[in-house]
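Structure record follows, encoded as structure tokens.
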Amino acid sequence: MTHADPYAFSVEALRSRRTTKWHKFDPDVLPAWVADMDFGVAPPVLEALQKLIDAEEFGYSDRGGALEAAFVRRMLRRFGWETHAADVHPIGDLVQASFAAVTAFSEPGDGVVLQLPSYPPFQDAITGTGRRIVANPMRRDGKGWRLDLGAFDANPDPKAKVLIFCHPQNPTGRAFTEAELAEVAAFAVRHDLVVVSDEIHADILYDGRRHRPLASMGPEIAARTLTITSATKGYNIPALRTAAIHFGSPALRQRFFARLPAKLLGFPSVMGIDATVAAWDAGDPWFAETLARLEANRDYLARAIPEALPGAVFLPPEATYLAWIDCAALDLGMPAQQFFLERARVGLNAGETFGSGYDACVRLNFATTPAILQEIVGRMADAVRQR
Ligand SMILES: Cc1ncc(COP(=O)(O)O)c(C=O)c1O
């Protein structure tokens with residue numbers, strides 16, 4: 001059964017989904033945290049899954065490189081990036097891929113450069129494998145968030161081996177420009193870093209922007225870059241656990257698998273593979289509609305936040321459906337996430353999980369219906385007014 005309007009789920013329908021998003025908090029809390037969408041999925045994805053169900057086809061699958069081939073087609077068609085199936089390796093998810101890459105390309109005690117604020121599991125991938133976070137905070141100027149690679153240049157860590165680069169950036173929503181990517185590429189070469197470029201949000205760019213993969217900037221940066229991506233954010237299928245690692249050179253791939261046997265990493269399920277291939281090959285019309293709705297929600301937030309949270313700093317994202325809001329000027333008297341959970345009954349991501357010093361910030365997932373989003377903003381505004 002498909003939903004009549006895949007963009008109009010009610011709160012009751014969403015709560016009846018057995019998702020972590022809708023079950024982390026008490027039932028009176030509106031959740032706007034983990035990064036999936038309160039929407040349906042693309043019809044070709046449903047058809048692919050239905051086909052498996054109809055055929056009761058759950059034996060060991062024979063998909064002979066289907067995901068790798070779909071990745072190659074997708075990268076070329078959407079981003080103009082030429083890749084080869086032999087350089088692509090299917091894996092369950094990006095967090096796993098980032099743990100694997102850190103493990104393969106550094107030793108315990110080595111440094112891993114990470115821009116802050118950062119998606120929390122990247123920090124886990126570093127500390128959880130006994131490596132050290134080499135924090136490289138981004139700077140906020142009048143126009144937006146900027147990389148500050150010069151800070152590392154001025155104080156380099158000789159034991160830094162890896163850069164985890166998030167492009168587009170979660171949580172700031174930056175889609176880095178070609179000039180910035182050229183700087184990142186030169187930086188990685190200059191410091192001899194292997195780069196893990198997480199491009200999971202690459203589909204979701206606004207204002208007509210087009211994503212430029214870091215590894216497409218030239219052979220020198222490609223040779224030291226693992227690009228990790230999936231259809232899960234753009235197509236709302238994260239529970240299907242299917243992603244891809246692209247190795248920018250055969251030597252990089254060889255180094256990786258010399259450290260980590262492929263069998264140790266597992267393999268996506270047939271449902272994930274078929275759904276991803278369907279999304280990448282045939283999901284464009286659904287995605288165009290979805291992106292327009294996300295962009296409208298972003299524009300709504302750009303108008304509504306200054307009035308709802310006067311003094312908060314919100315730089316509307318260029319990409320992702322995540323809003324990073326700095327509430328320091330509101331003097332909430334406690335971490336911002338705690339304030340909005342307790343006083344507004346809205347469940348956001350806590351800024352402090354994105355790096356120390358960000359406890360006045362929250363991350364708000366705006367991939368929901370306009371009605372729910374307005375209710376979220378209204379509750380936050382009321383709580384701030386009554387504090
Ligand atoms: C930047 C980034 N990387 C990775 C992930 C998680 O990907 P996966 O579910 O494939 O581990 C997310 C999810 O929000 C993300 O924002």
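By convention in this document, the chains of the structure tokens carry letters A, B, ... by their order, each chain's residues are numbered from 1, and ligands are numbered from 1 in the order they are shown.
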Using only C-alpha atoms, which residues sit within 12 Å of Pro306 in chain A once same-chain residues fewer than 6 positions away are excluded, as number ranges by chain? A: 300, 312-316, 325-327, 330, 377, 380-381
Worksheet entry | Nearby polymer residues, ligand 1, at most 8 Å, only C-alpha atoms and all ligand atoms, as a PyMOL selection string | chain A and resi 34-36+92-97+119+121-122+166-171+198-201+229-230+232-233+238-239+241-243
12 Å contact set for Asp299 in chain A, only C-alpha atoms, chain neighbours under 5 positions out, as an NGL selection string: :A and (206-207 or 292-294 or 304-305 or 314-318 or 321 or 323 or 366 or 370 or 373)
Shell around Ser61 in chain A at 7 Å using only C-alpha atoms, local window under 2 positions removed, as a PyMOL selection string | chain A and resi 59+63+270
According to DSSP computed on the backbone, where in range 219-265 of chain A is there strand (DSSP E or B)? Give the residues as a PDB file with N, CA, C and O atoms, in the first residue's frame.
```
ATOM      1  N   THR A 225      41.814  10.161  -2.005  1.00  0.00           N
ATOM      2  CA  THR A 225      40.460  10.391  -1.487  1.00  0.00           C
ATOM      3  C   THR A 225      39.559   9.164  -1.602  1.00  0.00           C
ATOM      4  O   THR A 225      39.436   8.570  -2.678  1.00  0.00           O
ATOM      5  N   LEU A 226      38.926   8.839  -0.486  1.00  0.00           N
ATOM      6  CA  LEU A 226      37.817   7.880  -0.501  1.00  0.00           C
ATOM      7  C   LEU A 226      36.547   8.719  -0.431  1.00  0.00           C
ATOM      8  O   LEU A 226      36.349   9.473   0.526  1.00  0.00           O
ATOM      9  N   THR A 227      35.698   8.596  -1.420  1.00  0.00           N
ATOM     10  CA  THR A 227      34.408   9.283  -1.388  1.00  0.00           C
ATOM     11  C   THR A 227      33.390   8.287  -0.870  1.00  0.00           C
ATOM     12  O   THR A 227      33.283   7.171  -1.397  1.00  0.00           O
ATOM     13  N   ILE A 228      32.664   8.692   0.169  1.00  0.00           N
ATOM     14  CA  ILE A 228      31.639   7.783   0.687  1.00  0.00           C
ATOM     15  C   ILE A 228      30.277   8.449   0.508  1.00  0.00           C
ATOM     16  O   ILE A 228      30.109   9.636   0.760  1.00  0.00           O
ATOM     17  N   THR A 229      29.350   7.683  -0.028  1.00  0.00           N
ATOM     18  CA  THR A 229      28.037   8.267  -0.317  1.00  0.00           C
ATOM     19  C   THR A 229      26.975   7.176  -0.374  1.00  0.00           C
ATOM     20  O   THR A 229      27.278   5.986  -0.281  1.00  0.00           O
ATOM     21  N   ALA A 243      25.418   1.672   0.978  1.00  0.00           N
ATOM     22  CA  ALA A 243      26.269   2.815   0.663  1.00  0.00           C
ATOM     23  C   ALA A 243      27.395   2.355  -0.251  1.00  0.00           C
ATOM     24  O   ALA A 243      27.495   1.163  -0.575  1.00  0.00           O
ATOM     25  N   ALA A 244      28.204   3.299  -0.680  1.00  0.00           N
ATOM     26  CA  ALA A 244      29.328   2.956  -1.555  1.00  0.00           C
ATOM     27  C   ALA A 244      30.570   3.730  -1.136  1.00  0.00           C
ATOM     28  O   ALA A 244      30.475   4.897  -0.732  1.00  0.00           O
ATOM     29  N   ILE A 245      31.708   3.046  -1.226  1.00  0.00           N
ATOM     30  CA  ILE A 245      33.001   3.724  -1.078  1.00  0.00           C
ATOM     31  C   ILE A 245      33.594   3.804  -2.476  1.00  0.00           C
ATOM     32  O   ILE A 245      33.674   2.784  -3.175  1.00  0.00           O
ATOM     33  N   HIS A 246      34.016   4.993  -2.881  1.00  0.00           N
ATOM     34  CA  HIS A 246      34.759   5.121  -4.131  1.00  0.00           C
ATOM     35  C   HIS A 246      36.213   5.416  -3.797  1.00  0.00           C
ATOM     36  O   HIS A 246      36.520   6.371  -3.069  1.00  0.00           O
ATOM     37  N   PHE A 247      37.101   4.566  -4.307  1.00  0.00           N
ATOM     38  CA  PHE A 247      38.534   4.780  -4.105  1.00  0.00           C
ATOM     39  C   PHE A 247      39.072   5.554  -5.303  1.00  0.00           C
ATOM     40  O   PHE A 247      38.887   5.146  -6.454  1.00  0.00           O
TER      41      PHE A 247
END
```
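The neighbours of range 252-262 of chain A here are the residues that come within 7 Å of it, using only C-alpha atoms and leaving out any residue fewer than 6 positions away in the same chain; they are Ala104, Ala223 and Arg224 of chain A.
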Taking all heavy atoms for each residue, export the selection above as a tab-separated table (two decimals), in the first residue's frame.
```
chain	number	residue	atom	x	y	z
A	104	ALA	N	41.98	1.92	8.57
A	104	ALA	CA	42.90	1.46	7.51
A	104	ALA	C	44.05	2.42	7.27
A	104	ALA	O	45.15	1.99	6.91
A	104	ALA	CB	42.11	1.25	6.22
A	223	ALA	N	43.67	10.54	-5.92
A	223	ALA	CA	44.51	9.40	-5.54
A	223	ALA	C	44.58	9.20	-4.04
A	223	ALA	O	44.98	8.14	-3.56
A	223	ALA	CB	45.92	9.59	-6.11
A	224	ARG	N	44.21	10.24	-3.28
A	224	ARG	CA	44.26	10.10	-1.82
A	224	ARG	C	42.87	10.25	-1.19
A	224	ARG	O	42.77	10.46	0.02
A	224	ARG	CB	45.24	11.11	-1.21
A	224	ARG	CG	44.95	12.57	-1.55
A	224	ARG	CD	45.90	13.55	-0.87
A	224	ARG	NE	47.28	13.42	-1.33
A	224	ARG	CZ	48.29	13.00	-0.56
A	224	ARG	NH1	48.07	12.67	0.69
A	224	ARG	NH2	49.51	12.94	-1.04
```
Practice task
Would you please work out which residue, of A:Gly266, A:Pro158, A:Gly248, A:Gly208, is nearest to Glu220 in chain A when using only C-alpha atoms?
Solution key: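 Under the stated criterion, the closest residue is A:Gly248.
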inquiry  = Neighbouring residues of Pro31 in chain A were defined as those with any atom within 8 Å, considering only C-alpha atoms; residues of the same chain fewer than 5 positions away were excluded. Please report them as a list in words.
reply    =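 Surrounding residues, per the criterion: Lys21, Trp22, Phe25, Val346, Gly347 and Leu348 of chain A.
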As a check of understanding: the span from CA of Phe105 in chain A to CA of Val162 in chain A is 6.9 Å
Please determine, counting only C-alpha atoms, which residue among A:Arg343, A:Glu352, A:Thr369, A:Trp280 has the shortest atom-to-atom distance to Ala296 in chain A.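 Among A:Arg343, A:Glu352, A:Thr369, A:Trp280, it is A:Thr369 that comes nearest to Ala296 in chain A.
When only C-alpha atoms are used to compute distances to Gly357 in chain A, the closest of the residues A:Ala8, A:Met75, A:Ala336, A:Ile91 turns out to be A:Ala336.
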